[in-house]
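upload20.txt follows; it contains compact mmCIF, C-alpha atoms.
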```
# COMPACT_ATOMS: atom_id res chain seq x y z
CA MET A 1 37.07 108.87 122.37
CA SER A 2 39.78 111.47 123.03
CA ILE A 3 42.56 112.21 120.59
CA ARG A 4 45.99 112.28 122.19
CA THR A 5 48.60 115.02 121.78
CA PRO A 6 49.99 114.88 118.22
CA TYR A 7 53.15 112.96 117.44
CA GLU A 8 55.56 113.84 114.66
CA ALA A 9 55.75 110.19 113.61
CA ILE A 10 53.57 107.16 114.37
CA VAL A 11 55.24 103.82 113.62
CA VAL A 12 52.85 100.89 113.18
CA GLY A 13 54.89 97.72 113.62
CA ALA A 14 57.79 97.80 116.09
CA GLY A 15 59.78 94.91 114.70
CA SER A 16 63.17 95.13 113.00
CA MET A 17 62.48 98.08 110.68
CA GLY A 18 60.00 99.90 112.91
CA LEU A 19 62.20 99.88 116.01
CA ALA A 20 65.21 101.01 113.99
CA ALA A 21 63.21 103.87 112.47
CA GLY A 22 61.89 104.84 115.90
CA TYR A 23 65.40 104.82 117.28
CA TYR A 24 66.91 107.10 114.64
CA LEU A 25 63.91 109.46 114.80
CA SER A 26 63.80 109.72 118.59
CA LYS A 27 67.57 110.14 118.72
CA GLN A 28 67.07 113.35 116.72
CA GLY A 29 64.43 114.58 119.15
CA VAL A 30 61.44 113.66 116.99
CA LYS A 31 58.32 112.84 119.01
CA VAL A 32 57.63 109.17 118.12
CA LEU A 33 54.90 106.67 118.95
CA LEU A 34 55.61 102.96 118.38
CA LEU A 35 52.69 100.51 118.13
CA ASP A 36 52.85 96.72 118.02
CA PRO A 37 50.58 93.85 119.09
CA HIS A 38 53.56 92.22 120.83
CA GLU A 39 56.47 93.59 122.80
CA PRO A 40 59.69 93.06 120.84
CA PRO A 41 61.63 90.87 120.63
CA HIS A 42 59.00 88.17 120.18
CA THR A 43 58.30 85.04 118.12
CA PHE A 44 55.38 86.26 116.00
CA GLY A 45 57.28 88.01 113.20
CA SER A 46 60.50 87.44 111.30
CA HIS A 47 63.25 88.54 113.70
CA HIS A 48 63.34 85.70 116.26
CA GLY A 49 65.70 82.76 116.29
CA SER A 50 68.79 84.45 117.75
CA THR A 51 70.83 85.08 114.61
CA ARG A 52 70.76 86.55 111.10
CA LEU A 53 73.45 86.73 108.44
CA ILE A 54 74.88 89.97 107.18
CA ARG A 55 76.43 89.68 103.73
CA ILE A 56 78.24 92.54 101.99
CA ALA A 57 79.30 90.90 98.69
CA TYR A 58 75.70 90.69 97.53
CA ALA A 59 74.48 88.19 94.96
CA GLU A 60 71.11 89.96 94.69
CA GLY A 61 72.70 92.98 93.05
CA ALA A 62 75.51 95.50 93.47
CA THR A 63 72.98 98.26 94.26
CA TYR A 64 72.50 96.65 97.68
CA VAL A 65 76.15 97.08 98.64
CA PRO A 66 76.10 100.76 99.78
CA LEU A 67 73.06 99.96 101.93
CA ALA A 68 74.83 96.90 103.36
CA LEU A 69 78.01 98.84 104.13
CA ARG A 70 76.03 101.56 105.89
CA ALA A 71 74.06 98.93 107.81
CA ARG A 72 77.31 97.27 108.93
CA GLN A 73 78.63 100.60 110.22
CA LEU A 74 75.39 101.35 112.05
CA TRP A 75 75.27 97.90 113.71
CA THR A 76 78.81 98.45 114.99
CA GLU A 77 77.85 101.89 116.33
CA LEU A 78 74.71 100.49 117.97
CA GLU A 79 76.78 97.84 119.75
CA GLN A 80 79.00 100.53 121.24
CA GLU A 81 76.10 102.85 122.10
CA TRP A 82 74.30 100.02 123.89
CA ALA A 83 77.44 99.28 125.89
CA ASP A 84 77.90 102.95 126.77
CA ALA A 85 74.29 103.18 127.97
CA HIS A 86 74.88 100.23 130.31
CA GLN A 87 78.40 101.39 131.24
CA LYS A 88 79.97 98.02 130.50
CA GLU A 89 81.91 96.16 127.84
CA PRO A 90 79.93 95.75 124.61
CA THR A 91 77.54 92.79 124.51
CA PRO A 92 78.09 91.40 121.01
CA LEU A 93 75.44 92.37 118.47
CA PHE A 94 77.63 91.55 115.47
CA ALA A 95 80.04 88.59 115.23
CA LYS A 96 82.48 89.47 112.44
CA VAL A 97 83.15 85.88 111.40
CA GLY A 98 82.63 86.38 107.66
CA VAL A 99 80.25 84.55 105.35
CA LEU A 100 81.18 81.62 103.11
CA ASN A 101 79.19 81.21 99.89
CA ILE A 102 79.28 77.69 98.45
CA MET A 103 77.85 77.20 94.96
CA HIS A 104 77.72 74.65 92.21
CA LEU A 105 79.79 75.79 89.25
CA GLY A 106 76.73 76.60 87.15
CA ALA A 107 75.12 78.92 89.70
CA THR A 108 74.16 82.34 88.34
CA SER A 109 74.85 83.93 91.73
CA ILE A 110 78.62 83.38 91.28
CA GLU A 111 78.77 86.28 88.85
CA GLY A 112 76.29 88.30 90.93
CA VAL A 113 78.57 88.22 93.96
CA GLU A 114 81.73 88.91 91.97
CA SER A 115 80.06 91.79 90.11
CA SER A 116 79.25 93.41 93.46
CA VAL A 117 82.84 92.89 94.57
CA ARG A 118 84.30 94.46 91.41
CA GLU A 119 81.93 97.44 91.36
CA HIS A 120 82.56 98.39 94.98
CA GLY A 121 86.14 97.19 95.49
CA LEU A 122 85.24 94.83 98.32
CA PRO A 123 87.67 92.43 100.00
CA PHE A 124 86.93 88.96 98.72
CA GLU A 125 88.37 85.47 98.25
CA ARG A 126 87.47 82.89 95.61
CA LEU A 127 88.36 79.33 96.61
CA THR A 128 88.36 76.01 94.86
CA ARG A 129 86.69 73.04 96.54
CA SER A 130 90.00 71.71 97.83
CA GLU A 131 91.08 75.12 99.16
CA ALA A 132 87.80 75.58 101.05
CA VAL A 133 87.85 72.09 102.58
CA TYR A 134 91.47 72.54 103.65
CA ARG A 135 90.69 75.87 105.33
CA TRP A 136 87.49 74.65 107.03
CA PRO A 137 87.96 70.91 107.62
CA GLY A 138 84.37 70.45 108.75
CA LEU A 139 83.16 71.08 105.20
CA ALA A 140 82.34 68.39 102.67
CA MET A 141 81.86 69.78 99.16
CA PRO A 142 81.09 67.82 95.97
CA GLU A 143 83.65 68.08 93.17
CA GLU A 144 81.50 70.42 91.05
CA TYR A 145 81.35 73.16 93.71
CA MET A 146 83.42 76.25 94.53
CA ALA A 147 83.39 78.82 97.35
CA GLN A 148 83.56 82.56 97.90
CA PHE A 149 84.49 84.13 101.22
CA ASP A 150 83.08 87.52 102.23
CA PRO A 151 85.29 88.72 105.13
CA LEU A 152 83.15 91.79 105.86
CA GLY A 153 80.09 89.62 106.51
CA GLY A 154 79.13 87.83 109.66
CA VAL A 155 76.33 87.15 112.10
CA LEU A 156 73.92 89.56 113.78
CA PHE A 157 72.29 88.56 117.07
CA SER A 158 68.84 89.65 116.01
CA GLU A 159 66.96 89.62 119.30
CA ARG A 160 69.75 91.51 121.06
CA CYS A 161 69.70 94.06 118.22
CA LEU A 162 66.00 94.68 118.82
CA MET A 163 66.56 94.96 122.56
CA ALA A 164 69.22 97.60 121.92
CA TYR A 165 66.90 99.55 119.61
CA LYS A 166 63.95 99.30 122.00
CA GLU A 167 66.04 100.52 124.93
CA GLY A 168 67.41 103.32 122.76
CA CYS A 169 63.91 104.42 121.69
CA LEU A 170 62.80 104.62 125.31
CA ARG A 171 66.00 106.34 126.39
CA HIS A 172 65.46 109.04 123.75
CA GLY A 173 61.86 109.65 124.73
CA ALA A 174 59.77 107.54 122.34
CA THR A 175 56.33 106.40 123.48
CA THR A 176 55.33 102.75 123.07
CA ARG A 177 52.08 100.83 123.08
CA PHE A 178 52.89 97.12 123.06
CA GLY A 179 49.83 94.87 123.06
CA GLY A 180 46.46 95.53 121.49
CA SER A 181 45.49 95.88 117.87
CA LEU A 182 45.09 98.37 115.05
CA ASP A 183 41.46 99.55 114.96
CA ASP A 184 41.49 102.27 112.30
CA ILE A 185 43.59 104.61 110.17
CA LYS A 186 42.27 107.95 108.90
CA LEU A 187 44.26 110.02 106.43
CA PHE A 188 44.25 113.81 106.09
CA PRO A 189 46.25 115.99 103.66
CA ASP A 190 49.03 116.63 106.16
CA SER A 191 48.37 114.26 109.08
CA VAL A 192 46.99 110.89 110.12
CA GLU A 193 44.85 109.50 112.91
CA VAL A 194 45.55 105.99 114.18
CA SER A 195 43.15 104.21 116.51
CA TRP A 196 44.88 101.55 118.57
CA ASN A 197 43.24 99.40 121.18
CA GLY A 198 40.60 102.02 121.98
CA GLU A 199 42.93 105.04 121.91
CA THR A 200 43.23 107.49 119.01
CA PHE A 201 46.52 109.19 118.18
CA ARG A 202 47.26 111.94 115.68
CA GLY A 203 50.56 112.21 113.86
CA GLN A 204 52.24 114.17 111.09
CA HIS A 205 53.79 111.05 109.52
CA LEU A 206 52.74 107.41 109.45
CA LEU A 207 55.32 104.64 109.03
CA LEU A 208 53.99 101.20 108.11
CA CYS A 209 56.52 98.54 109.17
CA THR A 210 54.06 95.70 109.64
CA GLY A 211 56.04 92.79 108.16
CA ALA A 212 53.95 89.83 107.06
CA GLY A 213 50.86 91.69 108.28
CA THR A 214 51.29 94.37 105.59
CA PRO A 215 49.01 92.77 102.96
CA ALA A 216 46.10 92.80 105.42
CA VAL A 217 46.81 96.42 106.44
CA LEU A 218 46.96 97.61 102.83
CA ASN A 219 43.86 95.65 101.81
CA ARG A 220 41.82 97.24 104.59
CA TRP A 221 43.05 100.84 104.69
CA PHE A 222 44.95 101.36 101.44
CA PRO A 223 43.18 99.23 98.79
CA GLU A 224 44.30 101.68 96.09
CA TRP A 225 47.92 100.86 97.00
CA ALA A 226 47.76 97.46 95.36
CA LEU A 227 51.22 96.06 96.11
CA PRO A 228 51.95 92.38 95.51
CA MET A 229 53.20 90.59 98.63
CA GLN A 230 52.87 87.00 99.83
CA PRO A 231 53.90 85.85 103.31
CA LEU A 232 55.58 82.42 103.35
CA ARG A 233 56.04 79.99 106.21
CA LYS A 234 59.73 79.18 106.75
CA VAL A 235 61.55 76.91 109.18
CA PHE A 236 65.03 76.75 110.69
CA ALA A 237 66.63 74.49 113.28
CA TRP A 238 69.68 73.82 115.44
CA TYR A 239 71.46 70.46 115.33
CA ARG A 240 74.05 68.92 117.62
CA THR A 241 77.31 67.30 116.57
CA ASN A 242 77.13 63.87 114.97
CA PRO A 243 79.65 61.70 116.89
CA GLU A 244 79.60 58.98 114.20
CA THR A 245 81.61 61.18 111.81
CA ASN A 246 84.58 61.57 114.22
CA LEU A 247 84.68 65.29 113.32
CA ALA A 248 85.49 67.49 116.30
CA PRO A 249 82.67 69.82 117.40
CA SER A 250 85.20 72.66 117.59
CA LEU A 251 85.46 72.63 113.77
CA TYR A 252 82.06 74.34 113.56
CA ARG A 253 82.35 76.79 116.42
CA ALA A 254 82.56 80.54 116.10
CA PRO A 255 84.75 82.44 115.54
CA HIS A 256 86.70 79.80 113.59
CA PHE A 257 83.78 78.77 111.36
CA PRO A 258 81.89 81.42 109.36
CA GLY A 259 78.26 81.95 108.53
CA PHE A 260 77.39 80.17 105.29
CA CYS A 261 75.11 80.14 102.25
CA VAL A 262 74.99 77.06 100.02
CA GLN A 263 73.35 77.07 96.61
CA THR A 264 72.87 73.53 95.36
CA GLN A 265 71.40 72.64 91.98
CA SER A 266 67.92 72.44 93.52
CA ALA A 267 67.84 74.60 96.67
CA TRP A 268 69.45 77.43 98.63
CA PHE A 269 70.40 76.84 102.27
CA TYR A 270 71.92 79.17 104.86
CA GLY A 271 73.34 78.71 108.32
CA PHE A 272 75.41 79.81 111.28
CA PRO A 273 78.39 78.49 113.22
CA ASP A 274 77.93 77.05 116.68
CA PHE A 275 77.70 79.82 119.28
CA GLY A 276 76.97 77.30 122.01
CA ASP A 277 73.58 75.97 120.90
CA GLY A 278 74.65 73.89 117.90
CA VAL A 279 74.80 74.74 114.22
CA LYS A 280 71.69 76.53 112.94
CA VAL A 281 70.43 75.95 109.39
CA GLY A 282 67.44 76.84 107.22
CA ARG A 283 66.34 76.75 103.61
CA HIS A 284 66.09 80.19 101.96
CA ASP A 285 64.00 79.33 98.91
CA GLY A 286 60.67 77.50 98.88
CA GLY A 287 58.14 77.92 101.67
CA SER A 288 54.37 77.65 102.03
CA PRO A 289 51.96 80.60 101.55
CA CYS A 290 50.43 81.70 104.84
CA THR A 291 49.06 84.63 106.83
CA PRO A 292 50.19 85.71 110.32
CA ASP A 293 46.87 84.54 111.74
CA MET A 294 46.83 81.14 110.02
CA VAL A 295 50.51 80.13 109.90
CA ASP A 296 51.45 76.75 111.39
CA ARG A 297 53.99 77.75 114.06
CA THR A 298 55.02 74.17 114.90
CA PHE A 299 58.30 72.73 113.59
CA HIS A 300 57.49 69.15 112.62
CA THR A 301 60.30 67.00 113.99
CA GLY A 302 60.98 63.84 111.98
CA GLU A 303 58.94 65.04 109.01
CA ALA A 304 59.98 66.45 105.63
CA GLU A 305 61.09 69.89 106.83
CA ASP A 306 63.37 68.36 109.47
CA LEU A 307 64.70 65.60 107.21
CA GLU A 308 65.53 68.06 104.40
CA LEU A 309 67.72 70.16 106.69
CA ARG A 310 69.37 67.10 108.18
CA GLN A 311 70.11 65.70 104.69
CA PHE A 312 71.72 68.99 103.67
CA LEU A 313 73.95 68.96 106.76
CA ALA A 314 74.94 65.34 106.18
CA GLU A 315 76.16 66.26 102.69
CA PHE A 316 77.90 69.60 103.34
CA LEU A 317 78.63 69.80 107.10
CA PRO A 318 78.55 66.13 108.11
CA GLY A 319 79.81 66.63 111.64
CA THR A 320 76.74 68.70 112.50
CA SER A 321 74.02 66.26 111.42
CA GLY A 322 73.40 64.92 114.92
CA PRO A 323 70.26 65.13 117.06
CA LEU A 324 67.85 68.01 116.58
CA LYS A 325 68.14 70.51 119.41
CA GLU A 326 65.28 72.83 118.44
CA GLY A 327 63.26 73.89 115.39
CA LYS A 328 61.33 77.13 114.85
CA VAL A 329 59.02 78.81 112.35
CA CYS A 330 59.13 82.35 110.97
CA MET A 331 57.75 84.17 107.93
CA TYR A 332 59.15 85.79 104.80
CA ASN A 333 57.04 88.55 103.23
CA MET A 334 57.82 88.03 99.55
CA THR A 335 57.54 90.40 96.59
CA PRO A 336 57.45 89.02 93.02
CA ASP A 337 61.00 90.23 92.25
CA GLU A 338 62.26 89.56 95.83
CA HIS A 339 63.35 93.19 96.19
CA PHE A 340 62.16 95.43 99.00
CA LEU A 341 59.32 97.96 99.16
CA ILE A 342 60.51 101.29 100.58
CA GLY A 343 58.73 104.51 99.70
CA ASN A 344 55.79 106.85 100.09
CA HIS A 345 52.08 106.48 99.36
CA PRO A 346 51.34 107.98 95.90
CA GLY A 347 48.56 110.24 97.22
CA TYR A 348 49.75 110.83 100.79
CA PRO A 349 53.50 111.49 100.85
CA HIS A 350 53.50 111.59 104.66
CA VAL A 351 52.64 107.85 104.69
CA HIS A 352 55.81 105.74 104.42
CA LEU A 353 56.13 101.99 103.80
CA ALA A 354 58.94 99.55 104.54
CA SER A 355 57.97 95.96 103.74
CA GLY A 356 58.41 93.04 101.36
CA PHE A 357 61.88 92.17 102.62
CA SER A 358 61.63 88.68 101.12
CA GLY A 359 63.79 86.88 103.65
CA HIS A 360 66.95 88.93 103.22
CA GLY A 361 66.05 92.18 104.97
CA PHE A 362 67.18 91.93 108.60
CA LYS A 363 70.82 92.73 107.88
CA PHE A 364 69.67 96.07 106.42
CA ALA A 365 67.34 97.01 109.29
CA SER A 366 69.73 99.56 110.75
CA ALA A 367 70.19 101.34 107.42
CA VAL A 368 66.50 101.06 106.49
CA GLY A 369 65.58 102.60 109.85
CA GLU A 370 67.93 105.49 109.11
CA VAL A 371 66.47 105.85 105.60
CA LEU A 372 62.93 106.02 107.01
CA ALA A 373 63.99 108.59 109.59
CA GLN A 374 65.52 110.74 106.84
CA MET A 375 62.34 110.45 104.77
CA VAL A 376 60.44 111.91 107.73
CA THR A 377 62.90 114.64 108.74
CA ASP A 378 64.49 115.59 105.39
CA GLY A 379 61.89 114.49 102.85
CA HIS A 380 64.30 112.08 101.17
CA PRO A 381 67.01 109.57 102.16
CA ARG A 382 70.71 110.12 101.59
CA LEU A 383 71.24 106.62 100.21
CA ASP A 384 69.77 105.66 96.85
CA VAL A 385 66.83 103.32 97.52
CA SER A 386 65.04 104.05 94.24
CA GLN A 387 65.32 100.35 93.28
CA PHE A 388 62.80 99.64 96.03
CA ARG A 389 60.13 102.18 95.00
CA PRO A 390 56.69 100.63 95.49
CA ASP A 391 55.44 102.16 92.25
CA ARG A 392 57.62 99.78 90.21
CA PHE A 393 54.62 97.45 90.40
```
Please express the file's structure as structure tokens.
Amino acid sequence: MSIRTPYEAIVVGAGSMGLAAGYYLSKQGVKVLLLDPHEPPHTFGSHHGSTRLIRIAYAEGATYVPLALRARQLWTELEQEWADAHQKEPTPLFAKVGVLNIMHLGATSIEGVESSVREHGLPFERLTRSEAVYRWPGLAMPEEYMAQFDPLGGVLFSERCLMAYKEGCLRHGATTRFGGSLDDIKLFPDSVEVSWNGETFRGQHLLLCTGAGTPAVLNRWFPEWALPMQPLRKVFAWYRTNPETNLAPSLYRAPHFPGFCVQTQSAWFYGFPDFGDGVKVGRHDGGSPCTPDMVDRTFHTGEAEDLELRQFLAEFLPGTSGPLKEGKVCMYNMTPDEHFLIGNHPGYPHVHLASGFSGHGFKFASAVGEVLAQMVTDGHPRLDVSQFRPDRF
């Protein structure tokens, strides 16, 4: 078995984080190899389903805000760079429609969002129930709820984003191997060897961006790196307008209706305005433990997962609780504290990990990719990501 010409960086997992890292590395002239069992974008990871929210006023902690602001800037730049490469008007990657947070008055995340806003001086609106319903007439909010509007937020078109990164990687000279499987990893003091589908490649740096497959990779090749992660099966679906409510479909269409997050007293839902396929909605919390090989990839129409989403829409966005258009399944790779894992192997600093994004990572993929590229080229990132150090566990 021959060993190929060395690469400066080998990226295992060319999904959201891996493609972004490959893009920012190859753009600097770094010799990059990207490996993935499937050619992105695909439906086997966590990036499919057309859209993802980007929130800037962050309930999960003010330390996320600089990363979110940088990510927002990089998504905007990527949109323009993709257009320039095709010599045409930009194909939207980022719909700047804002994000509406709706919460019951006892929700702890109210203060989390407003703390982020105060600390970073973000634009922000707090609205009473009546103010929110007046502004967005398609809403129906119980009396004990309030709303917060994040005007810097919006919607990312996730599959287009990955297409832009993949094209950029190839344009800047990255090598790809899409299809096949990871056979072996061998570590040396200043290099790695990766065997993939019968070929062996040597690299100076190894980036592990393997999503929900990370627990299996660590268990096999890095058992000493005992990091707690649990993939969860998650569902989301698109619904058509419910004509029985007499609410106009246009009330829920972008750009007039924002992305939304709703924290009830028992669950946390999220969703997207109608971009032509109906309103999309999912539940953020909950989920069933799974593995990528064993996950049930069928959305069960008419069963509990469908009925729960429909019931939520009937209560909060009643005009959208019509017929199901389509349902899909993805995975969250959860950590115990629901914060990310970004850092180096304790014994092999040239091995880098980005995983455990716990269902709120896609919006940061651009900035995380840049962080990983800086870890390879500069030895450390320019943004503070110390909160996500794997050794906190």
* **Polymer residues at most 10 Å from A:Gly180, all atoms listed in the file, same-chain spacing of 2 or more positions, as a ChimeraX atom specification** => /A:35-38,177-178,182-183,196-198
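Around A:Val12, within 9 Å and counting all atoms listed in the file, the residues found are A:Ile10, A:Ala14, A:Gly18, A:Leu33, A:Leu34, A:Leu35, A:Asp36, A:Leu182, A:Val194, A:Leu206, A:Leu207, A:Leu208, A:Cys209, A:Thr210, once anything fewer than 2 positions away on its own chain is removed.
Between atom CA of A:Leu78 and atom CA of A:Gly22 the separation is 13.7 Å.
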* Asked: So, counting all atoms listed in the file, which residue among A:Tyr239, A:Tyr23, A:Phe362, A:Phe44 is closest to A:Leu307?
  -> A:Tyr239
Give me the residues within 7 Å of stretch 159-168 of chain A as a compact mmCIF listing (two decimals) with C-alpha atoms, in the coordinates of the input, counting all atoms listed in the file and dropping any in the same chain fewer than 5 places off.
```txt
# COMPACT_ATOMS: atom_id res chain seq x y z
CA SER A 16 63.17 95.13 113.00
CA LEU A 19 62.20 99.88 116.01
CA ALA A 20 65.21 101.01 113.99
CA TYR A 23 65.40 104.82 117.28
CA PRO A 40 59.69 93.06 120.84
CA PRO A 41 61.63 90.87 120.63
CA HIS A 47 63.25 88.54 113.70
CA HIS A 48 63.34 85.70 116.26
CA SER A 50 68.79 84.45 117.75
CA TRP A 82 74.30 100.02 123.89
CA LEU A 93 75.44 92.37 118.47
```
* To do: For stretch 266-273 of chain A, work out the shell of residues within 6 Å, counting only C-alpha atoms and skipping chain neighbours fewer than 6 positions away, then give it as a PyMOL selection string.
  => chain A and resi 252-254+257-260+279-285
* Within 7 Å of stretch 322-331 of chain A, counting all atoms listed in the file, which residues qualify if same-chain residues fewer than 2 places away don't, as number ranges by chain? -> A: 45-46, 212, 231-242, 297-299, 320, 333
* Asked: Quick one, how far is atom CA of A:Pro249 from atom CA of A:Ala147?
  ->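 According to the coordinates, atom CA of A:Pro249 and atom CA of A:Ala147 are separated by 22.0 Å.
With all atoms listed in the file as the atoms that count, the residue of A:Leu170, A:Leu247, A:Leu317, A:Ala85 with the shortest distance to A:Lys27 is A:Leu170.
At a cut-off of 8 Å from (58.0, 108.9, 122.1), the residue set is Tyr7, Ser26, Val30, Lys31, Val32, Leu33, Leu34, Cys169, Leu170, His172, Gly173, Ala174, Thr175 and Thr176 of chain A (counting only C-alpha atoms).
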Selection from above, C-alpha atoms, as an mmCIF file, in the frame of the given file, can you write it?
```cif
data_model
loop_
_atom_site.group_PDB
_atom_site.id
_atom_site.type_symbol
_atom_site.label_atom_id
_atom_site.label_comp_id
_atom_site.auth_asym_id
_atom_site.auth_seq_id
_atom_site.Cartn_x
_atom_site.Cartn_y
_atom_site.Cartn_z
ATOM 1 C CA TYR A 7 53.150 112.960 117.440
ATOM 2 C CA SER A 26 63.800 109.720 118.590
ATOM 3 C CA VAL A 30 61.440 113.660 116.990
ATOM 4 C CA LYS A 31 58.320 112.840 119.010
ATOM 5 C CA VAL A 32 57.630 109.170 118.120
ATOM 6 C CA LEU A 33 54.900 106.670 118.950
ATOM 7 C CA LEU A 34 55.610 102.960 118.380
ATOM 8 C CA CYS A 169 63.910 104.420 121.690
ATOM 9 C CA LEU A 170 62.800 104.620 125.310
ATOM 10 C CA HIS A 172 65.460 109.040 123.750
ATOM 11 C CA GLY A 173 61.860 109.650 124.730
ATOM 12 C CA ALA A 174 59.770 107.540 122.340
ATOM 13 C CA THR A 175 56.330 106.400 123.480
ATOM 14 C CA THR A 176 55.330 102.750 123.070
#
```
* To do: One decimal, Å: what's the distance from atom CA of A:Tyr24 over to atom CA of A:His86, could you say?
  =>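 Distance between the two atoms: 18.9 Å.
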* Nearest to A:Leu67 by atom-to-atom distance, counting all atoms listed in the file, from A:Phe364, A:Phe149, A:Tyr332, A:Tyr348 -> A:Phe364
* Asked: Closest to A:Val97 among A:Val155, A:Val368, A:Ala9, A:Leu218, using only C-alpha atoms?
  -> A:Val155
* To do: Compare A:Cys290, A:Val351, A:Leu152, A:Val295 by their minimum atom-to-atom distance to A:Ser191, counting all atoms listed in the file, and give me the closest one.
  => A:Val351
* Between A:Ala59, A:Met334, A:Leu372, A:Ala132, which has the minimum distance to A:Gly359 (counting all atoms listed in the file)? ->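 Of all the options, A:Met334 lies closest to A:Gly359.
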